[in-house]
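Novice: Have a look at this one.
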Amino acid sequence: MSEETAQDGGISRRTLLRLGAAGGAGAALVAAQGWGLPFLAQRGLLSVDGAFAASSTALGDLFFYTEAFPTSPLIIEPFKDRLPIPKALAPVSKSEFSQWAYPPGPGPDQQNSLRNERHQTWSPVPGGPDPIVYKIDLLLRNHAFTTSKVLPINSKGRPAVSFDAAGKTYAAGTARSLPLSTIYGFNGTFPGPMINAEYGKPVLVRFENHLDENPLNLDRQDFGSPDWSFLTHLHNGHTAPESDGNPHYSMLYGPRSMGYLPQMFVDNLYLNWPAGGDDREKQSFFWFHDHRMDHTGSNVYKGMVGLYPIYDPKNGMDMGDERRGLRLPGVRKDNSDGSFDVEYDVPLAFYDCRLDDGVTVHKDVHDGMGEFPGARNPATHPEWWGKTFFKHFPNHGFVGDIFTVNGTANPVMEVKRRKYRFRFLDASVARIYEFKLMSSTKGPRSAASLGYQGDELQGQYRIPDAQQCMRFTQIASDGGLLPFPITRDSFELWPAKRREVIIDFTRYQDGTPTTKGDVIYLTNVMKMPNGRMWANSSRFSPDPDYKVPVLKFVIGDSAPDDSQIPTAMRPLPPLPGNWKNLLDNRLVFEVQRGSAGGEVEWLINGKPFEPASVSRSLKNPAGRTPLARQKKNSFNLWEVRNGGGGWVHPFHLHMEEHRTVMRNNKDVTRGDPTHPDDLSKEDLVALDPGESVIVYRGFRDFVGPYVAHCHNLAHEDHAMMFGWEITP
């Protein structure tokens, strides 16, 4: 049963919060629909004569939430744990999947366990190969962020009391081992498995839901989709809508609910085919994550993250072999199980979290609605001390105070003296990072020992004497390889964005050679106390003291290196010479904060997401307000505006990448020094405060409904999303 119908009397949180603003009209609608009147009455939301108590104190009590967050315990020994580097997942053999009760295939009713859908396209070309099949289970498991001892501290950085699941209290100053945090994981790990894919070789992934099973008897805590449903989105695969994992499709055509419930499966087909069959549209790094409506943020935060590098074997251009094609760093090893791994090509998934202190109240807009069986909120939870803490609906968007890489806090990686390719992914709910490569003589010191308090404790450690020592060579963005490499002192990484860089560990930026044992810190220099926006960055009021080490590189022995840094890579598809003729009829979407609050806090064109409808553009210069429908194989300009208020929004458009053509009415097709990535293709519009961006994008190969949304997941989950459609 979906959340819309599962809540008391069939009323959803979003609907009830809208009714709260409607007064008597809301009461009439509640009565007319028969929506949960006993539920409302027992909570004091109806008067004795059935009138809707819009101003009731009980209504405020029901939906009130607090902005209090815990301070995570201090990791005593940072940079002790090795950086986990995932290995490629092995495919399922045909002899195995052909014996499944419901084998995958192209026929009617073969796309999911409900037997109500088929794949729109089984192969991008007639007679093309059948897909390589993978199996991924959604599992309830646990995870360790560090093996280091920790010291419980409070917001002033001072030692604090702590607790355990048995109810025992530990005196301030007692060092502790962290308990394992509960996760919902792809194959039970965080991050989940990595699929190394190749263009020309389609992939089918069967995602199967086992989140109802609890073999380890774990406490689920109070976040994650309450009905244990999921959707999986390959961000930003060029994918037919039935395999895209978007709620717009799911609620119209798929399971007709918020997502796939326990014991259901869905076969997502990833064709690994560039848009329009154009090699210039090839990408190089996807990731997959949950996309369940209203709980995307909590499910991603709870662990639903997987990695999907994609290689281009055509002419050996980018196939993971540094002796061929572009000769980007990578030594490929083909495995006997049908997978392949690439040494010196390393994915880095960044994720920030908070750990419960046992004294912070779990009061959230979702509490009190009976979502989580047995939940005692609003309450403190000392039995969850040291486990992940989450608020579904903080006003600004959720940010953590522990920074992790590939699921490990403050990891260390020993690197050879040679070039590496790193694939950066921001898998955080809201945090934006800015990275530099820095060296230090004295090394990291805890922010608490330096006298910092409150939000300044985020990241836990600083390197006061750090100096930039190396540069990045950026080779790819969200949309794949750049036309040419870009040398960068630093780069920003917004939620869901990817950036790929080459780091040469043989020498420093002044030409001095490195030596074995040298240490370089990947350092975050962007202070972001909440999800609203940065407090400093190199583009806006830098704070020279904010230097938080995130990953420690230790230089090891020299190693053979056949890689090169190319001078040119993949050309961009050309813009039509008359693209400005499309300006008058562009589609216009403005993201803004709403006034109703609650579940509809964040709006697009003044409206919250409605899964059953296609959105309408604001009035464009031609005076039209067209529906967000595009003809198959057409192209158009879309404008995305930041409605102001001092917020930033990482805005994601499903299905195809775009090319930025204008920022704030300025033509940037020849480059913008403040946004160098505008010369590439991307799938996410980084909207600075008050900014307007116009993008050129295509709508090729498929038909059906898709979505676009803010990838600050607190914003998405509170209605900053709209549906759009490709028509035949």
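Chain labels follow the order of the structure tokens: the first chain is A, the next B, and so on; residue numbering restarts at 1 in every chain, and ligands are counted from 1 in their shown order.
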Report the closest atom pair, with its distance in Å rounded to one decimal, for each residue of stretch 132-202 of chain A that has an atom no farther than 12 Å from stretch 233-253 of chain A; count only C-alpha atoms, sort by chain and then rising residue number, and write it as a Markdown table.

Specialist:
| residue | atom | partner | partner_atom | distance |
| --- | --- | --- | --- | --- |
| A:Ile195 | CA | A:Leu234 | CA | 11.4 |
| A:Ala197 | CA | A:Gly237 | CA | 11.7 |
| A:Tyr199 | CA | A:His238 | CA | 11.6 |
| A:Pro202 | CA | A:Thr239 | CA | 11.0 |

Novice: Residues as selected, C-alpha atoms, written as a short mmCIF file (atom, residue, chain, number, x, y, z; two decimals), in the first residue's frame, can you do that?

Specialist:
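Writing the result to selection27.cif gives the following:
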data_model
loop_
_atom_site.label_atom_id
_atom_site.label_comp_id
_atom_site.auth_asym_id
_atom_site.auth_seq_id
_atom_site.Cartn_x
_atom_site.Cartn_y
_atom_site.Cartn_z
CA ILE A 195 29.21 -1.64 -12.26
CA ALA A 197 29.95 -0.50 -18.06
CA TYR A 199 29.21 1.81 -24.57
CA PRO A 202 23.69 -2.72 -22.76
#

Novice: Write out as a list in words all residues of stretch 530-617 of chain A that DSSP puts in strand (DSSP E) for this structure's backbone.

Specialist: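 After running DSSP on the backbone, stretch 530-617 of chain A has strand (DSSP E) at Val548, Pro549, Val550, Leu551, Lys552, Phe553, Val554, Ile555, Gly556, Asp557, Ser558, Leu587, Val588, Phe589, Glu590, Val591, Gln592, Arg593, Trp602, Leu603 and Ile604 of chain A.
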
Novice: Using only C-alpha atoms, determine which residues lie at most 12 Å from stretch 616-628 of chain A, disregarding the query and same-chain residues fewer than 5 positions distant; provide the list as an MDAnalysis selection string.

Specialist: chainID A and resid 581:591 604:607 609:610 636:641 699 704:708 722:727

Novice: Write out, as a compact mmCIF listing (two decimals), in the first residue's frame, the residues just selected, with C-alpha atoms.

Specialist:
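Now in selection11.txt:
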# COMPACT_ATOMS: atom_id res chain seq x y z
CA ASN A 581 15.89 32.15 -32.50
CA LEU A 582 14.53 29.72 -29.89
CA LEU A 583 14.77 32.27 -27.05
CA ASP A 584 11.28 33.72 -27.44
CA ASN A 585 9.65 30.31 -27.18
CA ARG A 586 11.83 28.81 -24.45
CA LEU A 587 10.28 27.03 -21.50
CA VAL A 588 10.76 28.90 -18.21
CA PHE A 589 10.89 27.33 -14.74
CA GLU A 590 11.48 29.27 -11.53
CA VAL A 591 12.49 27.53 -8.31
CA ILE A 604 8.55 25.38 -9.07
CA ASN A 605 6.54 28.04 -10.89
CA GLY A 606 4.61 28.52 -7.64
CA LYS A 607 3.39 24.93 -7.46
CA PHE A 609 5.15 18.51 -7.51
CA GLU A 610 2.04 16.71 -8.70
CA ASN A 636 14.76 23.35 -27.28
CA LEU A 637 15.94 26.00 -24.83
CA TRP A 638 14.89 25.76 -21.20
CA GLU A 639 15.44 28.54 -18.68
CA VAL A 640 15.83 27.73 -14.98
CA ARG A 641 15.62 30.69 -12.59
CA PHE A 699 14.80 14.92 -26.28
CA GLY A 704 7.08 9.15 -21.93
CA PRO A 705 7.16 11.07 -18.64
CA TYR A 706 10.25 12.29 -16.79
CA VAL A 707 10.98 14.71 -13.93
CA ALA A 708 13.27 17.62 -13.14
CA PHE A 722 8.04 18.93 -11.78
CA GLY A 723 6.91 16.44 -14.38
CA TRP A 724 7.59 16.81 -18.09
CA GLU A 725 7.05 14.56 -21.07
CA ILE A 726 8.37 13.48 -24.46
CA THR A 727 5.62 12.82 -27.00

Novice: Hey, what's within 8 Å of A:Asp561 if we count only C-alpha atoms and toss same-chain stuff fewer than 3 positions away? As a VMD selection string, please?

Specialist: chain A and resid 329 418 to 419

Novice: Considering only C-alpha atoms, can you say which of A:Glu657, A:Asp357, A:Glu456, A:Asp717 comes closest to A:Asp164?

Specialist: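 The answer is A:Asp357, which sits nearest to A:Asp164.
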
Novice: If we count only C-alpha atoms, what is near stretch 264-276 of chain A at a cut-off of 6 Å, once residues fewer than 6 positions away on the same chain are taken out, given as a list in words?

Specialist: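 Non-adjacent residues within range: Gln111, Asn112, Ser113, Tyr199, Pro202, Val203, Leu204, Val205, Arg206, Phe207, Glu208, Asn209, Ser243, Lys282 and Arg700 of chain A.
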
Novice: Taking 6 positions as the minimum chain separation for residues in the same chain, which residues sit within 10 Å of A:Ala349 when counting only C-alpha atoms? Answer as a list of chain:residue names.

Specialist: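 In the requested format, the answer is A:Pro191, A:Trp287, A:Val305, A:Gly306, A:Leu307, A:Thr404, A:Val405, A:Asn406, A:Gly407, A:Thr408, A:Arg423, A:Phe424, A:Leu425, A:Asp426, A:Ala427, A:Ser428, A:Ala496, A:Arg498.
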
Novice: Write the selection just made, keeping C-alpha atoms, as a PDB file, in the first residue's frame?

Specialist:
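New file result_14.pdb:
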ATOM      1  CA  PRO A 191      28.407   2.728  -1.055  1.00  0.00           C
ATOM      2  CA  TRP A 287      25.816   6.827 -10.259  1.00  0.00           C
ATOM      3  CA  VAL A 305      24.158   4.851  -3.447  1.00  0.00           C
ATOM      4  CA  GLY A 306      25.935   2.886  -6.195  1.00  0.00           C
ATOM      5  CA  LEU A 307      28.627   3.659  -8.791  1.00  0.00           C
ATOM      6  CA  THR A 404      33.363  10.575   4.426  1.00  0.00           C
ATOM      7  CA  VAL A 405      34.855   9.184   1.214  1.00  0.00           C
ATOM      8  CA  ASN A 406      33.532   5.871  -0.107  1.00  0.00           C
ATOM      9  CA  GLY A 407      31.752   5.419   3.218  1.00  0.00           C
ATOM     10  CA  THR A 408      34.827   5.961   5.434  1.00  0.00           C
ATOM     11  CA  ARG A 423      36.109  10.281 -10.441  1.00  0.00           C
ATOM     12  CA  PHE A 424      34.537  12.640  -7.902  1.00  0.00           C
ATOM     13  CA  LEU A 425      30.865  12.297  -6.899  1.00  0.00           C
ATOM     14  CA  ASP A 426      28.960  14.406  -4.373  1.00  0.00           C
ATOM     15  CA  ALA A 427      26.497  11.930  -2.816  1.00  0.00           C
ATOM     16  CA  SER A 428      25.553  14.287   0.034  1.00  0.00           C
ATOM     17  CA  ALA A 496      24.921  14.826  -7.571  1.00  0.00           C
ATOM     18  CA  ARG A 498      30.621  14.509 -10.984  1.00  0.00           C
TER      19      ARG A 498
END

Novice: Between A:Leu261, A:Ile503, A:Met721, A:Leu481, which has the minimum distance to A:Gln283 (counting only C-alpha atoms)?

Specialist: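 Smallest distance to A:Gln283 is found for A:Leu481.
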
Novice: Kindly indicate which residue among A:Asp701, A:Glu716, A:Asp364, A:Glu691 lies nearest to A:Gly277, using only C-alpha atoms for the distances.

Specialist: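 With only C-alpha atoms as the atom set, the closest residue is A:Asp701.
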